[in-house]
$ cat data.cif   # mmCIF, C-alpha atoms
data_entry
loop_
_atom_site.group_PDB
_atom_site.id
_atom_site.type_symbol
_atom_site.label_atom_id
_atom_site.label_comp_id
_atom_site.auth_asym_id
_atom_site.auth_seq_id
_atom_site.Cartn_x
_atom_site.Cartn_y
_atom_site.Cartn_z
ATOM 1 C CA MET Q 158 -34.329 -39.773 -27.899
ATOM 2 C CA SER Q 159 -35.011 -39.941 -24.218
ATOM 3 C CA GLY Q 160 -37.746 -37.864 -22.662
ATOM 4 C CA ILE Q 161 -35.207 -36.121 -20.444
ATOM 5 C CA ASP Q 162 -34.039 -32.700 -21.573
ATOM 6 C CA HIS Q 163 -30.920 -31.062 -20.260
ATOM 7 C CA MET Q 164 -30.799 -31.834 -16.566
ATOM 8 C CA GLU Q 165 -29.841 -28.936 -14.333
ATOM 9 C CA ALA Q 166 -26.993 -29.710 -11.977
ATOM 10 C CA THR Q 167 -28.379 -29.958 -8.463
ATOM 11 C CA ASN Q 168 -26.345 -28.810 -5.504
ATOM 12 C CA GLN Q 169 -27.122 -29.265 -1.832
ATOM 13 C CA LEU Q 170 -26.973 -26.609 0.836
ATOM 14 C CA LEU Q 171 -26.780 -26.985 4.580
ATOM 15 C CA VAL Q 172 -29.386 -24.536 5.856
ATOM 16 C CA PHE Q 173 -28.741 -22.732 9.136
ATOM 17 C CA ALA Q 174 -30.219 -19.781 10.971
ATOM 18 C CA LEU Q 175 -28.724 -16.578 12.261
ATOM 19 C CA GLY Q 176 -31.485 -15.056 14.340
ATOM 20 C CA ASP Q 177 -34.632 -15.460 12.243
ATOM 21 C CA GLU Q 178 -32.774 -15.355 8.913
ATOM 22 C CA LEU Q 179 -31.925 -18.480 6.898
ATOM 23 C CA PHE Q 180 -28.573 -18.997 5.202
ATOM 24 C CA GLY Q 181 -27.114 -21.829 3.206
ATOM 25 C CA ALA Q 182 -23.624 -23.151 2.554
ATOM 26 C CA ASP Q 183 -22.399 -25.778 0.104
ATOM 27 C CA ILE Q 184 -22.844 -29.133 1.886
ATOM 28 C CA LEU Q 185 -19.708 -30.497 0.224
ATOM 29 C CA ARG Q 186 -17.643 -27.952 2.188
ATOM 30 C CA VAL Q 187 -19.088 -29.001 5.574
ATOM 31 C CA LYS Q 188 -16.865 -31.352 7.569
ATOM 32 C CA GLU Q 189 -18.828 -31.562 10.807
ATOM 33 C CA ILE Q 190 -21.612 -30.032 12.884
ATOM 34 C CA ARG Q 191 -20.747 -30.011 16.576
ATOM 35 C CA ALA Q 192 -21.240 -28.395 19.943
ATOM 36 C CA ILE Q 193 -19.201 -25.234 20.413
ATOM 37 C CA GLY Q 194 -16.887 -26.814 22.972
ATOM 38 C CA SER Q 195 -13.763 -25.227 24.382
ATOM 39 C CA ILE Q 196 -12.421 -22.260 22.423
ATOM 40 C CA ARG Q 197 -9.080 -20.638 23.278
ATOM 41 C CA HIS Q 198 -9.301 -16.849 23.078
ATOM 42 C CA ILE Q 199 -6.583 -15.060 21.100
ATOM 43 C CA PRO Q 200 -6.036 -11.390 22.052
ATOM 44 C CA GLU Q 201 -6.161 -8.459 19.623
ATOM 45 C CA MET Q 202 -8.367 -10.134 17.022
ATOM 46 C CA PRO Q 203 -11.567 -8.788 15.420
ATOM 47 C CA ASP Q 204 -14.657 -9.166 17.631
ATOM 48 C CA TYR Q 205 -16.165 -11.827 15.343
ATOM 49 C CA PHE Q 206 -13.053 -13.995 15.779
ATOM 50 C CA LEU Q 207 -13.830 -16.079 18.871
ATOM 51 C CA GLY Q 208 -10.481 -17.854 19.054
ATOM 52 C CA VAL Q 209 -9.227 -21.284 18.093
ATOM 53 C CA LEU Q 210 -9.955 -24.881 18.917
ATOM 54 C CA ASP Q 211 -8.152 -28.174 18.527
ATOM 55 C CA TYR Q 212 -10.052 -30.089 15.851
ATOM 56 C CA ARG Q 213 -8.556 -33.532 15.279
ATOM 57 C CA ASN Q 214 -5.059 -32.258 16.102
ATOM 58 C CA VAL Q 215 -5.396 -29.221 13.839
ATOM 59 C CA ILE Q 216 -5.699 -25.704 15.275
ATOM 60 C CA VAL Q 217 -8.836 -24.225 13.697
ATOM 61 C CA PRO Q 218 -9.909 -20.544 13.801
ATOM 62 C CA VAL Q 219 -13.481 -20.030 15.024
ATOM 63 C CA LEU Q 220 -15.682 -17.204 13.727
ATOM 64 C CA ASP Q 221 -18.983 -16.008 15.138
ATOM 65 C CA LEU Q 222 -20.869 -15.675 11.873
ATOM 66 C CA ARG Q 223 -23.606 -13.752 13.680
ATOM 67 C CA LYS Q 224 -21.190 -10.961 14.627
ATOM 68 C CA GLN Q 225 -19.388 -11.044 11.298
ATOM 69 C CA LEU Q 226 -22.638 -10.489 9.398
ATOM 70 C CA GLY Q 227 -23.845 -7.778 11.783
ATOM 71 C CA PHE Q 228 -26.477 -9.608 13.845
ATOM 72 C CA ALA Q 229 -26.918 -7.979 17.249
ATOM 73 C CA ASN Q 230 -27.572 -11.102 19.305
ATOM 74 C CA SER Q 231 -24.712 -13.552 19.627
ATOM 75 C CA GLU Q 232 -25.959 -15.270 22.759
ATOM 76 C CA VAL Q 233 -25.164 -18.977 23.049
ATOM 77 C CA THR Q 234 -28.260 -21.151 23.541
ATOM 78 C CA GLU Q 235 -28.893 -24.899 23.574
ATOM 79 C CA GLN Q 236 -29.335 -24.806 19.793
ATOM 80 C CA THR Q 237 -26.155 -22.828 19.053
ATOM 81 C CA VAL Q 238 -23.712 -24.997 17.115
ATOM 82 C CA MET Q 239 -20.411 -24.810 15.323
ATOM 83 C CA ILE Q 240 -20.070 -25.925 11.729
ATOM 84 C CA ILE Q 241 -16.572 -26.935 10.665
ATOM 85 C CA VAL Q 242 -16.185 -25.964 7.006
ATOM 86 C CA ASN Q 243 -13.341 -26.012 4.517
ATOM 87 C CA LEU Q 244 -12.348 -22.657 3.043
ATOM 88 C CA GLN Q 245 -10.205 -22.681 -0.060
ATOM 89 C CA GLN Q 246 -7.106 -20.535 0.095
ATOM 90 C CA GLY Q 247 -5.266 -21.039 -3.180
ATOM 91 C CA GLU Q 248 -4.713 -24.764 -3.572
ATOM 92 C CA THR Q 249 -5.218 -25.477 0.133
ATOM 93 C CA ASP Q 250 -8.347 -26.414 2.106
ATOM 94 C CA VAL Q 251 -8.349 -24.645 5.465
ATOM 95 C CA PRO Q 252 -10.770 -25.839 8.180
ATOM 96 C CA VAL Q 253 -12.612 -23.029 9.969
ATOM 97 C CA GLY Q 254 -15.326 -23.187 12.623
ATOM 98 C CA ILE Q 255 -18.367 -20.948 12.182
ATOM 99 C CA VAL Q 256 -20.837 -20.428 15.025
ATOM 100 C CA VAL Q 257 -24.517 -20.261 14.037
ATOM 101 C CA ASP Q 258 -27.776 -20.175 15.985
ATOM 102 C CA ARG Q 259 -29.058 -23.509 14.704
ATOM 103 C CA VAL Q 260 -28.885 -25.921 11.788
ATOM 104 C CA SER Q 261 -32.230 -26.689 10.213
ATOM 105 C CA ASP Q 262 -32.125 -28.635 6.956
ATOM 106 C CA VAL Q 263 -30.389 -29.788 3.805
ATOM 107 C CA VAL Q 264 -31.985 -28.539 0.584
ATOM 108 C CA ASP Q 265 -31.426 -29.083 -3.122
ATOM 109 C CA PHE Q 266 -31.017 -26.119 -5.440
ATOM 110 C CA THR Q 267 -29.756 -25.365 -8.912
ATOM 111 C CA GLU Q 268 -27.434 -22.567 -9.991
ATOM 112 C CA GLN Q 269 -30.281 -21.319 -12.208
ATOM 113 C CA ALA Q 270 -32.486 -20.790 -9.135
ATOM 114 C CA LEU Q 271 -29.902 -18.473 -7.562
ATOM 115 C CA GLN Q 272 -30.796 -14.788 -7.853
ATOM 116 C CA ALA Q 273 -28.417 -11.881 -7.390
ATOM 117 C CA MET Q 274 -28.458 -10.040 -4.083
ATOM 118 C CA PRO Q 275 -29.804 -6.472 -4.081
ATOM 119 C CA THR Q 276 -26.745 -4.232 -4.204
ATOM 120 C CA VAL Q 277 -25.964 -2.129 -1.148
ATOM 121 C CA ASP Q 278 -22.237 -2.507 -0.463
ATOM 122 C CA GLN Q 279 -21.127 -4.401 -3.542
ATOM 123 C CA LYS Q 280 -17.509 -4.919 -2.469
ATOM 124 C CA GLN Q 281 -18.433 -6.488 0.876
ATOM 125 C CA GLN Q 282 -21.425 -8.412 -0.488
ATOM 126 C CA SER Q 283 -19.503 -9.918 -3.378
ATOM 127 C CA LYS Q 284 -17.057 -11.474 -0.929
ATOM 128 C CA LEU Q 285 -19.600 -13.026 1.416
ATOM 129 C CA LEU Q 286 -22.845 -13.590 -0.461
ATOM 130 C CA MET Q 287 -23.341 -15.661 -3.618
ATOM 131 C CA GLY Q 288 -27.039 -14.860 -3.985
ATOM 132 C CA MET Q 289 -30.430 -15.930 -2.742
ATOM 133 C CA PHE Q 290 -33.314 -18.156 -3.723
ATOM 134 C CA LYS Q 291 -36.817 -18.847 -2.537
ATOM 135 C CA HIS Q 292 -37.152 -22.066 -0.576
ATOM 136 C CA GLN Q 293 -40.705 -22.899 0.454
ATOM 137 C CA SER Q 294 -41.946 -19.554 1.810
ATOM 138 C CA ALA Q 295 -38.566 -18.194 2.924
ATOM 139 C CA LEU Q 296 -35.736 -16.394 1.181
ATOM 140 C CA LEU Q 297 -32.508 -18.263 1.703
ATOM 141 C CA VAL Q 298 -29.184 -16.402 1.374
ATOM 142 C CA VAL Q 299 -26.340 -18.523 -0.007
ATOM 143 C CA LEU Q 300 -22.932 -17.753 1.488
ATOM 144 C CA ASN Q 301 -19.615 -17.743 -0.285
ATOM 145 C CA LEU Q 302 -17.611 -19.538 2.407
ATOM 146 C CA ASP Q 303 -14.290 -18.526 0.851
ATOM 147 C CA GLY Q 304 -15.229 -14.873 1.436
ATOM 148 C CA LEU Q 305 -15.456 -15.301 5.222
ATOM 149 C CA LEU Q 306 -11.732 -14.819 5.670
ATOM 150 C CA ASP Q 307 -9.619 -13.202 3.028
ATOM 151 C CA GLY Q 308 -6.060 -14.425 2.573
ATOM 152 C CA THR Q 309 -4.622 -11.583 4.670
ATOM 153 C CA HIS Q 310 -6.892 -12.317 7.654
ATOM 154 C CA LEU Q 311 -6.061 -15.998 7.432
ATOM 155 C CA GLU Q 312 -2.305 -15.352 7.223
ATOM 156 C CA ASN Q 313 -2.525 -12.989 10.228
ATOM 157 C CA ILE Q 314 -4.440 -15.591 12.237
ATOM 158 C CA GLN Q 315 -2.033 -18.374 11.261
ATOM 159 C CA GLY Q 316 0.916 -16.109 12.128
ATOM 160 C CA MET Q 317 -0.533 -15.265 15.544
ATOM 161 C CA LEU Q 318 -1.211 -18.939 16.194
ATOM 162 C CA ALA Q 319 2.384 -19.836 15.324
ATOM 163 C CA GLU Q 320 3.664 -17.102 17.699
ATOM 164 C CA SER Q 321 1.443 -18.272 20.575
ATOM 165 C CA ALA Q 322 2.249 -21.976 20.113
#
$ encode --input "data.cif" --output "structure tokens"
Amino acid sequence: MSGIDHMEATNQLLVFALGDELFGADILRVKEIRAIGSIRHIPEMPDYFLGVLDYRNVIVPVLDLRKQLGFANSEVTEQTVMIIVNLQQGETDVPVGIVVDRVSDVVDFTEQALQAMPTVDQKQQSKLLMGMFKHQSALLVVLNLDGLLDGTHLENIQGMLAESA
């Protein structure tokens, strides 16, 4: 017998900040971290929907994660970046840009370390937040990227993009 017991599967999270709060997203879903760049505004969209950008010849919706999660300050600074992530909609990967205050780290974690979020608005939380875990001295909230845009929002955005093309 080897001296190794059951190994816990280790995942990696890209850690980023919204204000002073730390969040994490599955690193395997991250395509690129980049400057915000030129975003084309689309009228009559929710306030957290900043518009779209051309990302490698694909029109990508861009969300201000700070506004979507209810953070008051959404000012763009030198550290503000966009993370291009893949959301899964059915069998399809859909690239989406999310604007965050800054990217800070990549950390390892196990599913067993993930603790449930305190319940306030369970319906909304279950879509966006997978849970939290303690990393060093901070609590890190792990996002469910697929909950950022539900299928209806995504279809509406894709429909509006097709109309404006």
$ atom_distance --input "data.cif" --atom1 "CA of His198 in chain Q" --atom2 "CA of Ile255 in chain Q"
14.8 Å
$ resolve_selection --input "data.cif" --expression "the PyMOL selection byres ((chain Q and resi 243) around 8)" --output "JSON, numbers by chain"
{"Q": [186, 187, 188, 241, 242, 244, 245, 250, 251, 252, 253]}
$ resolve_selection --input "data.cif" --expression "the PyMOL selection byres ((chain Q and resi 287) around 7)" --output "count of residues only"
7
$ closest_residue --input "data.cif" --among "Q:Ala182, Q:Asn168, Q:Val238, Q:Gln293" --to "Gln269 in chain Q" --atoms "all atoms listed in the file"
Q:Asn168
$ resolve_selection --input "data.cif" --expression "the PyMOL selection byres ((chain Q and resi 265) around 10)" --output "ChimeraX atom specification"
/Q:166-171,184,263-264,266-267,292
$ residues_around --input "data.cif" --residues "Asp221 in chain Q" --least-positions-apart "6" --cutoff "8 Å" --atoms "all atoms listed in the file" --output "ChimeraX atom specification"
/Q:205-207,231,255-257
$ residues_around --input "data.cif" --residues "Ala174 in chain Q" --least-positions-apart "3" --cutoff "7 Å" --atoms "all atoms listed in the file" --output "VMD selection string"
chain Q and resid 177 to 180 257 to 260
$ atom_distance --input "data.cif" --atom1 "CA of Met289 in chain Q" --atom2 "CA of Pro275 in chain Q"
9.6 Å
$ residues_around --input "data.cif" --residues "Pro218 in chain Q" --least-positions-apart "4" --cutoff "7 Å" --atoms "only C-alpha atoms" --output "PyMOL selection string"
chain Q and resi 208-210+253-254
$ closest_residue --input "data.cif" --among "Q:Val233, Q:Leu306, Q:Leu296, Q:Ile196" --to "Val219 in chain Q" --atoms "all atoms listed in the file"
Q:Ile196
$ decode --input "data.cif" --residues "range 189-204 of chain Q" --atoms "all heavy atoms" --output "compact mmCIF listing (two decimals), in the first residue's frame"
# COMPACT_ATOMS: atom_id res chain seq x y z
N GLU Q 189 -8.94 34.78 -21.28
CA GLU Q 189 -7.96 35.86 -21.37
C GLU Q 189 -8.26 36.92 -20.32
O GLU Q 189 -9.42 37.13 -19.96
CB GLU Q 189 -8.04 36.49 -22.78
CG GLU Q 189 -7.03 37.55 -23.05
CD GLU Q 189 -7.09 38.06 -24.49
OE1 GLU Q 189 -7.40 37.28 -25.40
OE2 GLU Q 189 -6.84 39.26 -24.69
N ILE Q 190 -7.20 37.59 -19.87
CA ILE Q 190 -7.33 38.78 -19.03
C ILE Q 190 -6.77 39.92 -19.86
O ILE Q 190 -5.66 39.82 -20.38
CB ILE Q 190 -6.54 38.63 -17.72
CG1 ILE Q 190 -7.06 37.42 -16.94
CG2 ILE Q 190 -6.62 39.90 -16.88
CD1 ILE Q 190 -6.15 37.00 -15.80
N ARG Q 191 -7.54 40.99 -20.01
CA ARG Q 191 -7.13 42.06 -20.92
C ARG Q 191 -7.61 43.42 -20.44
O ARG Q 191 -8.46 43.52 -19.55
CB ARG Q 191 -7.68 41.78 -22.32
CG ARG Q 191 -9.20 41.62 -22.32
CD ARG Q 191 -9.79 41.36 -23.67
NE ARG Q 191 -9.83 42.61 -24.40
CZ ARG Q 191 -9.96 42.71 -25.70
NH1 ARG Q 191 -10.09 41.63 -26.44
NH2 ARG Q 191 -9.99 43.86 -26.30
N ALA Q 192 -7.08 44.45 -21.09
CA ALA Q 192 -7.56 45.81 -20.84
C ALA Q 192 -9.01 45.88 -21.34
O ALA Q 192 -9.41 45.10 -22.20
CB ALA Q 192 -6.69 46.82 -21.57
N ILE Q 193 -9.76 46.82 -20.81
CA ILE Q 193 -11.17 46.91 -21.18
C ILE Q 193 -11.33 47.18 -22.67
O ILE Q 193 -12.13 46.53 -23.33
CB ILE Q 193 -11.89 47.98 -20.34
CG1 ILE Q 193 -11.96 47.49 -18.90
CG2 ILE Q 193 -13.28 48.25 -20.88
CD1 ILE Q 193 -12.62 48.42 -17.96
N GLY Q 194 -10.59 48.11 -23.21
CA GLY Q 194 -10.65 48.36 -24.65
C GLY Q 194 -11.94 49.06 -25.07
O GLY Q 194 -12.65 49.64 -24.27
N SER Q 195 -12.25 48.94 -26.34
CA SER Q 195 -13.39 49.63 -26.93
C SER Q 195 -14.63 48.76 -26.86
O SER Q 195 -14.68 47.68 -27.44
CB SER Q 195 -13.06 49.97 -28.39
OG SER Q 195 -14.16 50.56 -29.00
N ILE Q 196 -15.65 49.27 -26.17
CA ILE Q 196 -16.91 48.55 -26.01
C ILE Q 196 -18.00 49.33 -26.72
O ILE Q 196 -18.14 50.53 -26.52
CB ILE Q 196 -17.26 48.38 -24.52
CG1 ILE Q 196 -16.19 47.56 -23.81
CG2 ILE Q 196 -18.63 47.73 -24.35
CD1 ILE Q 196 -16.35 47.50 -22.30
N ARG Q 197 -18.78 48.63 -27.56
CA ARG Q 197 -19.89 49.28 -28.27
C ARG Q 197 -21.14 49.17 -27.41
O ARG Q 197 -21.58 48.09 -27.05
CB ARG Q 197 -20.13 48.59 -29.61
CG ARG Q 197 -21.29 49.20 -30.35
CD ARG Q 197 -21.46 48.64 -31.72
NE ARG Q 197 -22.69 49.15 -32.28
CZ ARG Q 197 -23.54 48.42 -32.95
NH1 ARG Q 197 -23.30 47.16 -33.20
NH2 ARG Q 197 -24.66 48.95 -33.41
N HIS Q 198 -21.70 50.32 -27.06
CA HIS Q 198 -22.91 50.37 -26.24
C HIS Q 198 -24.11 49.86 -27.04
O HIS Q 198 -24.25 50.16 -28.23
CB HIS Q 198 -23.17 51.81 -25.77
CG HIS Q 198 -24.42 51.95 -24.97
ND1 HIS Q 198 -24.53 51.49 -23.69
CD2 HIS Q 198 -25.62 52.47 -25.31
CE1 HIS Q 198 -25.75 51.74 -23.26
NE2 HIS Q 198 -26.42 52.33 -24.21
N ILE Q 199 -24.97 49.10 -26.39
CA ILE Q 199 -26.22 48.63 -27.00
C ILE Q 199 -27.36 49.23 -26.17
O ILE Q 199 -27.40 49.03 -24.96
CB ILE Q 199 -26.33 47.08 -26.97
CG1 ILE Q 199 -25.13 46.44 -27.65
CG2 ILE Q 199 -27.64 46.61 -27.58
CD1 ILE Q 199 -25.07 46.59 -29.14
N PRO Q 200 -28.28 49.97 -26.80
CA PRO Q 200 -29.35 50.62 -26.03
C PRO Q 200 -30.34 49.61 -25.44
O PRO Q 200 -30.45 48.48 -25.91
CB PRO Q 200 -30.03 51.51 -27.07
CG PRO Q 200 -29.61 51.00 -28.39
CD PRO Q 200 -28.33 50.26 -28.22
N GLU Q 201 -31.05 50.08 -24.41
CA GLU Q 201 -32.14 49.34 -23.77
C GLU Q 201 -31.71 48.00 -23.18
O GLU Q 201 -32.44 47.02 -23.24
CB GLU Q 201 -33.30 49.15 -24.74
CG GLU Q 201 -33.91 50.46 -25.19
CD GLU Q 201 -35.08 50.26 -26.12
OE1 GLU Q 201 -35.81 49.26 -25.98
OE2 GLU Q 201 -35.27 51.12 -26.99
N MET Q 202 -30.52 47.98 -22.58
CA MET Q 202 -30.05 46.77 -21.90
C MET Q 202 -29.95 47.07 -20.41
O MET Q 202 -29.91 48.23 -20.01
CB MET Q 202 -28.69 46.35 -22.46
CG MET Q 202 -28.72 45.92 -23.92
SD MET Q 202 -29.88 44.59 -24.28
CE MET Q 202 -28.98 43.20 -23.66
N PRO Q 203 -29.88 46.04 -19.56
CA PRO Q 203 -29.72 46.29 -18.12
C PRO Q 203 -28.46 47.12 -17.85
O PRO Q 203 -27.52 47.08 -18.64
CB PRO Q 203 -29.57 44.88 -17.53
CG PRO Q 203 -30.08 43.94 -18.57
CD PRO Q 203 -29.92 44.62 -19.89
N ASP Q 204 -28.45 47.86 -16.74
CA ASP Q 204 -27.33 48.77 -16.47
C ASP Q 204 -25.99 48.05 -16.29
O ASP Q 204 -24.95 48.63 -16.51
CB ASP Q 204 -27.61 49.68 -15.28
CG ASP Q 204 -27.66 48.95 -13.96
OD1 ASP Q 204 -27.91 47.72 -13.95
OD2 ASP Q 204 -27.46 49.61 -12.92
